[in-house]
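Some notes on the structure that comes next.
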Amino acid sequence: MPYRITVNGKSHDVDAAGDAPLLYILRNDIGLNGPKFGCGLGQCGTCAAIVAGDLVRTCSVSLRDVGDSPVITLEGLGTAEKPHPLQKAFIAEQATQCGYCSNGMIMAAAVLLERNRKPNADEIKSALADQLCRCGVHNRVVRAVQRAAAELAR
């Protein structure tokens, strides 16, 4: 059954089963690489995207469940020419090591900063608590979110 989905401001017609995970649609049908397959159980956060303003684990959300809600992925936050303040801050703070968790960290931080333009360190840590990272870049990630928040406050 064909579905129409809006991702990063563009409409896409997708011929897929309604129970197909959104992650598969984003990666395989639309060709985006921001969301990653991690655990496949909605626990690690590597597949995170924003759907209707909320952070979701795209491996656990079906195409049918998205409905008409707009989807934003890492690619939709900014461009190479004009990166989102979070993307710039992650680079400046070297807040990635292997980079696998970066998508989830940035997307969770984007939702946080949309709701709270001046989060303190504890609020940042709380917002990112469900995003798993094995490399230990947590302190740099917090600094990156603080840097992005300062830029957005200007």
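We name chains A, B, ... following the order of the structure tokens; residues begin at 1 in each chain, and ligands are numbered from 1 as shown.
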message = For Gly38 of chain A, find every residue with an atom within 12 Å (counting only C-alpha atoms), except residues of its own chain fewer than 5 positions away, and show them as number ranges by chain.
response = A: 23, 43-48, 57-60, 100-104, 131-133
Dump of C-alpha atoms for the selected residues, as an mmCIF file, in the first residue's frame:
```
data_model
loop_
_atom_site.group_PDB
_atom_site.id
_atom_site.type_symbol
_atom_site.label_atom_id
_atom_site.label_comp_id
_atom_site.auth_asym_id
_atom_site.auth_seq_id
_atom_site.Cartn_x
_atom_site.Cartn_y
_atom_site.Cartn_z
ATOM 1 C CA LEU A 23 13.874 3.471 10.259
ATOM 2 C CA GLN A 43 16.607 1.116 23.589
ATOM 3 C CA CYS A 44 19.839 2.667 22.302
ATOM 4 C CA GLY A 45 18.723 5.813 20.467
ATOM 5 C CA THR A 46 20.914 5.565 17.375
ATOM 6 C CA CYS A 47 17.805 5.547 15.198
ATOM 7 C CA ALA A 48 16.211 8.652 16.761
ATOM 8 C CA ARG A 57 12.962 5.618 18.139
ATOM 9 C CA THR A 58 12.354 4.967 14.466
ATOM 10 C CA CYS A 59 13.113 1.257 14.776
ATOM 11 C CA SER A 60 10.037 0.935 17.008
ATOM 12 C CA TYR A 100 27.451 5.883 16.096
ATOM 13 C CA CYS A 101 25.452 7.533 18.887
ATOM 14 C CA SER A 102 25.793 11.049 17.471
ATOM 15 C CA ASN A 103 22.500 10.943 15.602
ATOM 16 C CA GLY A 104 20.537 10.109 18.734
ATOM 17 C CA GLN A 131 20.933 7.754 24.412
ATOM 18 C CA LEU A 132 23.572 5.048 24.743
ATOM 19 C CA CYS A 133 27.234 5.770 24.060
#
```
request  = Using DSSP on the backbone coordinates, identify the residues of chain A assigned to helix (DSSP H, G or I); present them as a VMD selection string.
outcome  = chain A and resid 22 to 29 63 to 66 74 to 77 85 to 92 102 to 115 121 to 128 138 to 153
ask   = With distances taken over only C-alpha atoms, which of A:Ala80, A:Leu86, A:Ile25, A:Ile72 is nearest to Gly53 of chain A?
value =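 Closest candidate: A:Ile72.
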inquiry  = Env of Val14 of chain A: 8 Å cut, atoms = only C-alpha atoms, seq-sep filter 2 positions within chain, self excluded. Answer as a PyMOL selection string.
reply    = chain A and resi 2-5+12+16+25+29
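The smallest atom-to-atom distance between Gln97 of chain A and any of A:Ala150, A:Val51, A:Ala110, A:Val141, using only C-alpha atoms, is found for A:Val141.
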inquiry  = I'd like the neighbourhood of Arg154 of chain A as a list of chain:residue names, where a residue qualifies if any of its atoms comes within 12 Å (using only C-alpha atoms), though same-chain residues fewer than 2 positions away should be ignored.
reply    =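 Listing them by chain and then by number gives A:Pro85, A:Arg117, A:Lys118, A:Arg147, A:Ala148, A:Ala149, A:Ala150, A:Glu151, A:Leu152.
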Can I get the selection written as a compact mmCIF listing (two decimals), in the first residue's frame, with N, CA, C and O atoms?
```txt
# COMPACT_ATOMS: atom_id res chain seq x y z
N PRO A 85 23.14 24.79 14.91
CA PRO A 85 24.07 25.07 16.01
C PRO A 85 24.54 23.82 16.75
O PRO A 85 25.70 23.75 17.19
N ARG A 117 15.44 26.58 25.98
CA ARG A 117 16.57 27.24 25.32
C ARG A 117 17.77 27.44 26.24
O ARG A 117 18.87 27.72 25.76
N LYS A 118 17.57 27.31 27.56
CA LYS A 118 18.68 27.51 28.50
C LYS A 118 18.75 26.36 29.51
O LYS A 118 18.63 26.58 30.71
N ARG A 147 27.07 24.78 24.39
CA ARG A 147 27.55 25.70 23.36
C ARG A 147 26.44 26.05 22.37
O ARG A 147 26.25 27.21 22.01
N ALA A 148 25.71 25.03 21.94
CA ALA A 148 24.60 25.27 21.00
C ALA A 148 23.52 26.13 21.65
O ALA A 148 22.96 27.02 21.01
N ALA A 149 23.23 25.86 22.91
CA ALA A 149 22.21 26.65 23.62
C ALA A 149 22.64 28.11 23.69
O ALA A 149 21.83 29.02 23.48
N ALA A 150 23.92 28.34 23.96
CA ALA A 150 24.42 29.73 24.02
C ALA A 150 24.29 30.40 22.66
O ALA A 150 23.93 31.57 22.58
N GLU A 151 24.59 29.66 21.58
CA GLU A 151 24.46 30.25 20.25
C GLU A 151 23.01 30.55 19.92
O GLU A 151 22.69 31.60 19.35
N LEU A 152 22.11 29.65 20.28
CA LEU A 152 20.69 29.87 20.00
C LEU A 152 20.12 31.02 20.82
O LEU A 152 19.15 31.66 20.41
```
DSSP-assigned strand (DSSP E) among chain A, expressed as a short mmCIF file (atom, residue, chain, number, x, y, z; two decimals) with C-alpha atoms, in the first residue's frame:
```cif
data_model
loop_
_atom_site.label_atom_id
_atom_site.label_comp_id
_atom_site.auth_asym_id
_atom_site.auth_seq_id
_atom_site.Cartn_x
_atom_site.Cartn_y
_atom_site.Cartn_z
CA PRO A 2 1.45 3.40 -0.88
CA TYR A 3 2.01 5.92 1.88
CA ARG A 4 2.90 9.59 1.67
CA ILE A 5 5.36 10.77 4.31
CA THR A 6 6.91 14.17 4.87
CA VAL A 7 10.57 14.00 5.85
CA LYS A 10 9.82 17.04 1.49
CA SER A 11 6.95 14.75 0.61
CA HIS A 12 7.79 11.15 -0.34
CA ASP A 13 5.55 8.46 -1.76
CA VAL A 14 6.56 5.13 -0.27
CA ASP A 15 5.32 1.74 -1.38
CA ALA A 48 16.21 8.65 16.76
CA ALA A 49 14.29 11.20 14.73
CA ILE A 50 11.76 13.88 15.53
CA VAL A 51 8.15 13.12 14.66
CA ASP A 54 8.73 14.49 19.75
CA LEU A 55 11.84 12.33 19.86
CA VAL A 56 11.04 8.83 18.62
CA ARG A 57 12.96 5.62 18.14
CA VAL A 71 9.52 13.74 10.37
CA ILE A 72 12.87 15.47 10.92
#
```
Top pick for closest residue to Lys88 of chain A, considering A:Leu41, A:Asn116, A:Gly31, A:Val145 and counting only C-alpha atoms =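 Closest to Lys88 of chain A of all the choices is A:Val145.
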ask   = Asn33 of chain A: which residues within 10 Å, counting only C-alpha atoms, same-chain residues fewer than 2 positions away excluded, as a VMD selection string?
value = chain A and resid 23 26 to 28 30 to 31 35 to 37 47 73 to 75 103
How would the residues just picked look written out with all heavy atoms as a short mmCIF file (atom, residue, chain, number, x, y, z; two decimals), in the first residue's frame?
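Output saved as out-v5.cif:
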```cif
data_model
loop_
_atom_site.label_atom_id
_atom_site.label_comp_id
_atom_site.auth_asym_id
_atom_site.auth_seq_id
_atom_site.Cartn_x
_atom_site.Cartn_y
_atom_site.Cartn_z
N LEU A 23 12.43 3.49 10.52
CA LEU A 23 13.87 3.47 10.26
C LEU A 23 14.18 2.90 8.88
O LEU A 23 14.99 3.45 8.13
CB LEU A 23 14.60 2.66 11.33
CG LEU A 23 16.10 2.44 11.11
CD1 LEU A 23 16.85 3.77 11.11
CD2 LEU A 23 16.66 1.50 12.14
N LEU A 26 13.22 5.42 6.20
CA LEU A 26 14.15 6.54 6.13
C LEU A 26 15.46 6.14 5.45
O LEU A 26 15.97 6.87 4.60
CB LEU A 26 14.45 7.07 7.54
CG LEU A 26 13.26 7.70 8.27
CD1 LEU A 26 13.65 8.03 9.71
CD2 LEU A 26 12.75 8.92 7.54
N ARG A 27 15.99 5.00 5.81
CA ARG A 27 17.29 4.58 5.27
C ARG A 27 17.18 3.95 3.88
O ARG A 27 17.92 4.31 2.97
CB ARG A 27 17.98 3.62 6.24
CG ARG A 27 18.46 4.33 7.50
CD ARG A 27 19.29 3.42 8.38
NE ARG A 27 20.51 2.99 7.73
CZ ARG A 27 21.64 3.67 7.70
NH1 ARG A 27 21.72 4.86 8.25
NH2 ARG A 27 22.71 3.17 7.11
N ASN A 28 16.28 3.00 3.74
CA ASN A 28 16.24 2.20 2.51
C ASN A 28 15.43 2.83 1.39
O ASN A 28 15.80 2.70 0.22
CB ASN A 28 15.69 0.80 2.81
CG ASN A 28 16.52 0.06 3.83
OD1 ASN A 28 17.70 0.36 4.04
ND2 ASN A 28 15.91 -0.88 4.51
N ILE A 30 14.13 6.26 1.40
CA ILE A 30 14.41 7.68 1.19
C ILE A 30 15.92 7.94 1.06
O ILE A 30 16.33 8.92 0.47
CB ILE A 30 13.76 8.52 2.31
CG1 ILE A 30 12.24 8.30 2.28
CG2 ILE A 30 14.10 10.00 2.16
CD1 ILE A 30 11.48 8.98 3.38
N GLY A 31 16.75 7.04 1.58
CA GLY A 31 18.20 7.14 1.38
C GLY A 31 18.91 8.03 2.39
O GLY A 31 19.98 8.57 2.09
N PRO A 35 19.80 8.47 10.87
CA PRO A 35 19.34 7.42 11.78
C PRO A 35 20.05 6.11 11.48
O PRO A 35 20.15 5.71 10.31
CB PRO A 35 17.85 7.31 11.49
CG PRO A 35 17.49 8.52 10.70
CD PRO A 35 18.73 8.97 10.02
N LYS A 36 20.54 5.47 12.51
CA LYS A 36 21.28 4.21 12.35
C LYS A 36 20.51 3.06 12.98
O LYS A 36 19.75 3.24 13.91
CB LYS A 36 22.64 4.29 13.06
CG LYS A 36 23.49 5.46 12.68
CD LYS A 36 24.29 5.18 11.45
CE LYS A 36 25.29 6.24 11.15
NZ LYS A 36 24.80 7.30 10.32
N PHE A 37 20.73 1.85 12.50
CA PHE A 37 20.20 0.67 13.16
C PHE A 37 21.17 0.31 14.27
O PHE A 37 22.34 0.06 14.02
CB PHE A 37 20.06 -0.51 12.18
CG PHE A 37 19.42 -1.71 12.83
CD1 PHE A 37 18.06 -1.86 12.81
CD2 PHE A 37 20.19 -2.65 13.48
CE1 PHE A 37 17.46 -2.95 13.42
CE2 PHE A 37 19.61 -3.74 14.10
CZ PHE A 37 18.24 -3.89 14.08
N CYS A 47 18.76 5.38 16.29
CA CYS A 47 17.80 5.55 15.20
C CYS A 47 16.89 6.75 15.38
O CYS A 47 15.96 6.95 14.61
CB CYS A 47 16.95 4.29 15.07
SG CYS A 47 15.85 4.02 16.48
N THR A 73 14.95 14.38 10.44
CA THR A 73 16.12 13.57 10.73
C THR A 73 17.33 14.49 10.89
O THR A 73 17.23 15.71 10.70
CB THR A 73 16.40 12.56 9.60
OG1 THR A 73 16.81 13.28 8.43
CG2 THR A 73 15.20 11.69 9.31
N LEU A 74 18.45 13.90 11.20
CA LEU A 74 19.70 14.67 11.34
C LEU A 74 19.96 15.51 10.10
O LEU A 74 20.38 16.67 10.20
CB LEU A 74 20.86 13.71 11.60
CG LEU A 74 22.22 14.33 11.87
CD1 LEU A 74 22.18 15.15 13.16
CD2 LEU A 74 23.27 13.24 11.98
N GLU A 75 19.67 14.95 8.94
CA GLU A 75 19.90 15.67 7.68
C GLU A 75 18.99 16.89 7.55
O GLU A 75 19.30 17.82 6.81
CB GLU A 75 19.66 14.75 6.48
CG GLU A 75 20.64 13.61 6.36
CD GLU A 75 20.24 12.34 7.10
OE1 GLU A 75 19.32 12.39 7.95
OE2 GLU A 75 20.86 11.30 6.85
N ASN A 103 23.83 10.64 16.10
CA ASN A 103 22.50 10.94 15.60
C ASN A 103 21.52 11.07 16.76
O ASN A 103 20.81 12.07 16.87
CB ASN A 103 22.03 9.86 14.63
CG ASN A 103 20.61 10.10 14.18
OD1 ASN A 103 20.34 10.99 13.38
ND2 ASN A 103 19.68 9.34 14.73
#
```
inquiry  = So, with only C-alpha atoms as the atoms that count, which of A:Leu113, A:Cys135, A:Ala127, A:Pro119 lies closest to Cys98 of chain A?
reply    =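 Of A:Leu113, A:Cys135, A:Ala127, A:Pro119, the one nearest Cys98 of chain A, counting only C-alpha atoms, is A:Cys135.
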key: Between atom CA of Val61 of chain A and atom CA of Pro83 of chain A - distance in Å to one decimal   =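 Answer for the atom CA of Pro83 of chain A to atom CA of Val61 of chain A separation: 27.1 Å.
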inquiry  = Ranking A:Ala109, A:Asn139, A:Pro70, A:Leu128 by minimum distance to Thr96 of chain A and counting only C-alpha atoms, which one comes first?
reply    =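 The answer is A:Asn139, which sits nearest to Thr96 of chain A.
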